[in-house]
Amino acid sequence: MFSNISSINFNTNQSVTSTSSKVTTSENTSIFGDSIVKDEKAKLTKEEKKAIKAAQKAERERIKNTPDGIIQGGKQGSSAGDCWLLAQMNSMSKTDWGKEALQNAITQEKDGSFTVHFEGAKKDIKISQDEFKKAQKNSDFSSGDADALLLEIAVEKHFKAENINDGSIKGNDLAGEDSLQFLLTGSKGLQTTQEQYYEPILQLMGQNPKDNAGIAATYTFFDKNQGPDGTSHVLSVQQVILDKKGKVKEVVLLDSYRPGVTFTKSYGQFASELQGFGFTTPPKLAQKGK
């Protein structure tokens with residue numbers, strides 16, 4: 001379907017601060033439910049407020065320590081360079097096929113260990129509780145979401161076993177057999193820098209906002225605010241907003257350094273700063289297009 005797209009590989013380096021753009025987040029939305037409508041909040045007693053905070057804390061701990069097949073956090077580590085991997089997770093979680101692939105990827109065994117299944121590589125990655133707990137304290141990995149962390153550990157173990165990217169998840173191609181999409185589904189993603197290809201894909205995503213037309217997309221740009229000299233950084237495309245004529249107006253993005261909120265770039269800014277646009281279509285559709 002998109003086999004004629006010119007592909008360019010990008011390496012991404014570690015980043016240390018969050019992207020500076022207009023933040024647009026709803027006051028009443030949070031994966032932890034900690035944004036309460038002001039009128040309702042004013043009516044709560046001290047005991048009720050205390051109970052809500054306790055429930056929120058318990059939910060954070062559950063998400064942090066227990067995989068549930070849902071990507072809902074996963075803040076990039078301060079010394080990590082795997083924004084590409086977290087962006088792919090977040091993009092997949094916006095599609096129906098991606099949610100299913102993520103849901104089926106991780107199994108917790110009776111002894112407390114974990115098994116991550118890579119359908120594309122036809123292999124299972126075993127992760128012990130000790131490895132999991134150790135990674136939780138390592139800034140080379142993300143924090144806050146057990147699913148995201150276990151996928152990071154599994155991809156790194158796979159890379160080391162197969163001598164891919166020098167065994168490191170820091171800085172990797174956005175597509176091909178080393179991408180998370182391929183590892184979980186067997187379908188290769190594509191990437192391009194050419195507007196004639198990525199603009200109609202964005203339009204298609206905007207026309208089908210429920211699941212972005214089944215397209216998991218990532219966006220690479222040079223972020224001059226990251227580090228002393230700036231660096232390439234990968235974000236997840238969460239939503240595409242069209243104008244009245246059906247043209248791309250804005251692109252809503254998610255930065256793995258700030259997983260709780262999204263921010264918006266105008267299409268003009270998005271296009272002018274773009275270094276790479278990676279995308280994966282639904283696995284069955286991708287196979288038919290070969």
# chains A, B, ... in the order shown; residues from 1 in each chain; ligands from 1

$ residues_around --residues "segment 204-211 of chain A" --least-positions-apart "5" --cutoff "7 Å" --atoms "only C-alpha atoms" --output "CSV table (one decimal) with all heavy atoms, in the first residue's frame"
chain,number,residue,atom,x,y,z
A,94,LYS,N,-3.0,3.7,20.5
A,94,LYS,CA,-4.1,4.5,20.0
A,94,LYS,C,-4.9,3.7,18.9
A,94,LYS,O,-5.9,4.2,18.4
A,94,LYS,CB,-3.5,5.8,19.4
A,94,LYS,CG,-2.9,6.7,20.4
A,94,LYS,CD,-3.9,7.2,21.4
A,94,LYS,CE,-4.9,8.2,20.8
A,94,LYS,NZ,-5.8,8.8,21.8
A,95,THR,N,-4.4,2.5,18.6
A,95,THR,CA,-5.1,1.7,17.5
A,95,THR,C,-5.6,0.5,18.1
A,95,THR,O,-5.1,0.0,19.2
A,95,THR,CB,-4.1,1.4,16.4
A,95,THR,OG1,-3.1,0.4,16.9
A,95,THR,CG2,-3.4,2.6,15.9
A,96,ASP,N,-6.7,-0.1,17.5
A,96,ASP,CA,-7.3,-1.3,18.0
A,96,ASP,C,-6.3,-2.5,17.9
A,96,ASP,O,-6.2,-3.3,18.8
A,96,ASP,CB,-8.5,-1.7,17.2
A,96,ASP,CG,-9.7,-0.7,17.5
A,96,ASP,OD1,-9.6,0.0,18.6
A,96,ASP,OD2,-10.6,-0.5,16.7
A,239,GLN,N,-3.2,12.4,17.8
A,239,GLN,CA,-4.5,12.8,17.1
A,239,GLN,C,-4.1,13.8,16.0
A,239,GLN,O,-3.1,14.5,16.1
A,239,GLN,CB,-5.4,13.5,18.1
A,239,GLN,CG,-6.7,13.9,17.6
A,239,GLN,CD,-7.6,14.6,18.6
A,239,GLN,OE1,-7.2,14.8,19.8
A,239,GLN,NE2,-8.8,15.0,18.2
A,240,VAL,N,-4.9,13.8,15.0
A,240,VAL,CA,-4.7,14.8,13.9
A,240,VAL,C,-6.0,15.6,13.7
A,240,VAL,O,-7.1,15.0,13.6
A,240,VAL,CB,-4.4,14.1,12.5
A,240,VAL,CG1,-4.3,15.1,11.4
A,240,VAL,CG2,-3.1,13.2,12.7
A,241,ILE,N,-5.9,16.9,13.8
A,241,ILE,CA,-7.1,17.8,13.7
A,241,ILE,C,-7.1,18.4,12.3
A,241,ILE,O,-6.1,19.0,11.8
A,241,ILE,CB,-7.0,18.9,14.8
A,241,ILE,CG1,-7.0,18.2,16.2
A,241,ILE,CG2,-8.2,19.8,14.6
A,241,ILE,CD1,-6.7,19.2,17.3
A,242,LEU,N,-8.2,18.3,11.6
A,242,LEU,CA,-8.4,18.8,10.3
A,242,LEU,C,-9.2,20.1,10.3
A,242,LEU,O,-10.0,20.4,11.2
A,242,LEU,CB,-9.1,17.8,9.4
A,242,LEU,CG,-8.6,16.4,9.3
A,242,LEU,CD1,-9.4,15.5,8.4
A,242,LEU,CD2,-7.1,16.4,8.8

$ residues_around --residues "Gly189 of chain A" --least-positions-apart "4" --cutoff "8 Å" --atoms "only C-alpha atoms" --output "ChimeraX atom specification"
/A:174-176,179,181-182,278-281

$ closest_atom_pairs --of "segment 73-127 of chain A" --to "segment 243-263 of chain A" --cutoff "9 Å" --atoms "only C-alpha atoms" --output "JSON lines"
{"residue": "A:Gly73", "atom": "CA", "partner": "A:Pro259", "partner_atom": "CA", "distance": 5.5}
{"residue": "A:Gly74", "atom": "CA", "partner": "A:Pro259", "partner_atom": "CA", "distance": 6.8}
{"residue": "A:Lys75", "atom": "CA", "partner": "A:Tyr257", "partner_atom": "CA", "distance": 5.3}
{"residue": "A:Gln76", "atom": "CA", "partner": "A:Tyr257", "partner_atom": "CA", "distance": 5.1}
{"residue": "A:Gly77", "atom": "CA", "partner": "A:Tyr257", "partner_atom": "CA", "distance": 7.8}
{"residue": "A:Ser78", "atom": "CA", "partner": "A:Tyr257", "partner_atom": "CA", "distance": 8.6}
{"residue": "A:Cys83", "atom": "CA", "partner": "A:Ser256", "partner_atom": "CA", "distance": 6.5}
{"residue": "A:Leu86", "atom": "CA", "partner": "A:Ser256", "partner_atom": "CA", "distance": 6.3}
{"residue": "A:Ala87", "atom": "CA", "partner": "A:Ser256", "partner_atom": "CA", "distance": 6.7}
{"residue": "A:Asn90", "atom": "CA", "partner": "A:Leu254", "partner_atom": "CA", "distance": 7.9}
{"residue": "A:Ser91", "atom": "CA", "partner": "A:Leu254", "partner_atom": "CA", "distance": 8.9}

$ residues_around --residues "Arg62 of chain A" --least-positions-apart "5" --cutoff "9 Å" --atoms "only C-alpha atoms" --output "NGL selection string"
:A and (57 or 67 or 145-146)

$ write_last_selection --atoms "N, CA and C atoms" --output "mmCIF file, in the first residue's frame"
data_model
loop_
_atom_site.group_PDB
_atom_site.id
_atom_site.type_symbol
_atom_site.label_atom_id
_atom_site.label_comp_id
_atom_site.auth_asym_id
_atom_site.auth_seq_id
_atom_site.Cartn_x
_atom_site.Cartn_y
_atom_site.Cartn_z
ATOM 1 N N LYS A 57 -3.064 6.769 44.851
ATOM 2 C CA LYS A 57 -1.736 6.231 45.142
ATOM 3 C C LYS A 57 -1.696 4.733 44.900
ATOM 4 N N PRO A 67 1.761 -5.634 35.386
ATOM 5 C CA PRO A 67 1.388 -5.445 33.979
ATOM 6 C C PRO A 67 -0.077 -5.789 33.750
ATOM 7 N N ASP A 145 5.140 2.554 34.731
ATOM 8 C CA ASP A 145 4.242 1.620 34.050
ATOM 9 C C ASP A 145 4.970 0.296 33.850
ATOM 10 N N ALA A 146 4.475 -0.753 34.493
ATOM 11 C CA ALA A 146 5.121 -2.063 34.413
ATOM 12 C C ALA A 146 5.172 -2.587 32.983
#

$ closest_residue --among "A:Ser113, A:Thr193, A:Thr185, A:Thr107" --to "Tyr219 of chain A" --atoms "only C-alpha atoms"
A:Thr193

$ select_by_dssp --residues "segment 88-239 of chain A" --states "alpha helix (DSSP H)" --output "PyMOL selection string"
chain A and resi 88-92+96-103+129-136+146-162+180-185+195-207

$ closest_residue --among "A:Phe222, A:Gln72, A:Lys157, A:Phe141" --to "Arg60 of chain A" --atoms "only C-alpha atoms"
A:Gln72

$ closest_residue --among "A:Ile127, A:Ile71, A:Val155, A:Ala213" --to "Leu85 of chain A" --atoms "only C-alpha atoms"
A:Val155

$ select_by_dssp --residues "segment 86-154 of chain A" --states "strand (DSSP E or B)" --output "MDAnalysis selection string"
chainID A and resid 106:108 114:118 123:127 143

$ residues_around --residues "Glu195 of chain A" --least-positions-apart "4" --cutoff "9 Å" --atoms "only C-alpha atoms" --output "ChimeraX atom specification"
/A:199-200,271

$ residues_around --residues "Phe277 of chain A" --least-positions-apart "4" --cutoff "6 Å" --atoms "only C-alpha atoms" --output "PyMOL selection string"
chain A and resi 191-192+218-219

$ closest_residue --among "A:Leu202, A:Ala154, A:Leu235, A:Leu184" --to "Gly120 of chain A" --atoms "only C-alpha atoms"
A:Leu184

$ atom_distance --atom1 "atom CA of Ser168 of chain A" --atom2 "atom CA of Ile215 of chain A"
26.7 Å

$ closest_residue --among "A:Ala161, A:Ala135, A:Leu150, A:Leu183" --to "Gly98 of chain A" --atoms "only C-alpha atoms"
A:Leu183

$ residues_around --residues "Asp140 of chain A" --least-positions-apart "2" --cutoff "6 Å" --atoms "only C-alpha atoms" --output "list in words"
Gly77, Ser79, Ala80 and Asn138 of chain A

$ write_last_selection --atoms "all heavy atoms" --output "PDB file, in the first residue's frame"
ATOM      1  N   GLY A  77      13.252   7.508  31.258  1.00  0.00           N
ATOM      2  CA  GLY A  77      14.291   7.683  32.258  1.00  0.00           C
ATOM      3  C   GLY A  77      15.209   8.846  31.933  1.00  0.00           C
ATOM      4  O   GLY A  77      15.407   9.199  30.769  1.00  0.00           O
ATOM      5  N   SER A  79      18.372   9.134  31.959  1.00  0.00           N
ATOM      6  CA  SER A  79      19.558   8.828  31.163  1.00  0.00           C
ATOM      7  C   SER A  79      19.247   7.839  30.043  1.00  0.00           C
ATOM      8  O   SER A  79      20.145   7.238  29.465  1.00  0.00           O
ATOM      9  CB  SER A  79      20.668   8.261  32.062  1.00  0.00           C
ATOM     10  OG  SER A  79      20.245   7.088  32.719  1.00  0.00           O
ATOM     11  N   ALA A  80      17.960   7.672  29.761  1.00  0.00           N
ATOM     12  CA  ALA A  80      17.556   6.750  28.694  1.00  0.00           C
ATOM     13  C   ALA A  80      17.623   7.446  27.346  1.00  0.00           C
ATOM     14  O   ALA A  80      17.562   8.662  27.251  1.00  0.00           O
ATOM     15  CB  ALA A  80      16.139   6.242  28.953  1.00  0.00           C
ATOM     16  N   ASN A 138      16.718   1.793  37.701  1.00  0.00           N
ATOM     17  CA  ASN A 138      17.723   2.173  36.710  1.00  0.00           C
ATOM     18  C   ASN A 138      17.179   3.279  35.808  1.00  0.00           C
ATOM     19  O   ASN A 138      16.163   3.095  35.132  1.00  0.00           O
ATOM     20  CB  ASN A 138      18.096   0.943  35.873  1.00  0.00           C
ATOM     21  CG  ASN A 138      19.283   1.186  34.961  1.00  0.00           C
ATOM     22  OD1 ASN A 138      19.614   2.325  34.638  1.00  0.00           O
ATOM     23  ND2 ASN A 138      19.915   0.106  34.536  1.00  0.00           N
TER      24      ASN A 138
END

$ atom_distance --atom1 "atom CA of Lys137 of chain A" --atom2 "atom CA of Ala58 of chain A"
19.3 Å
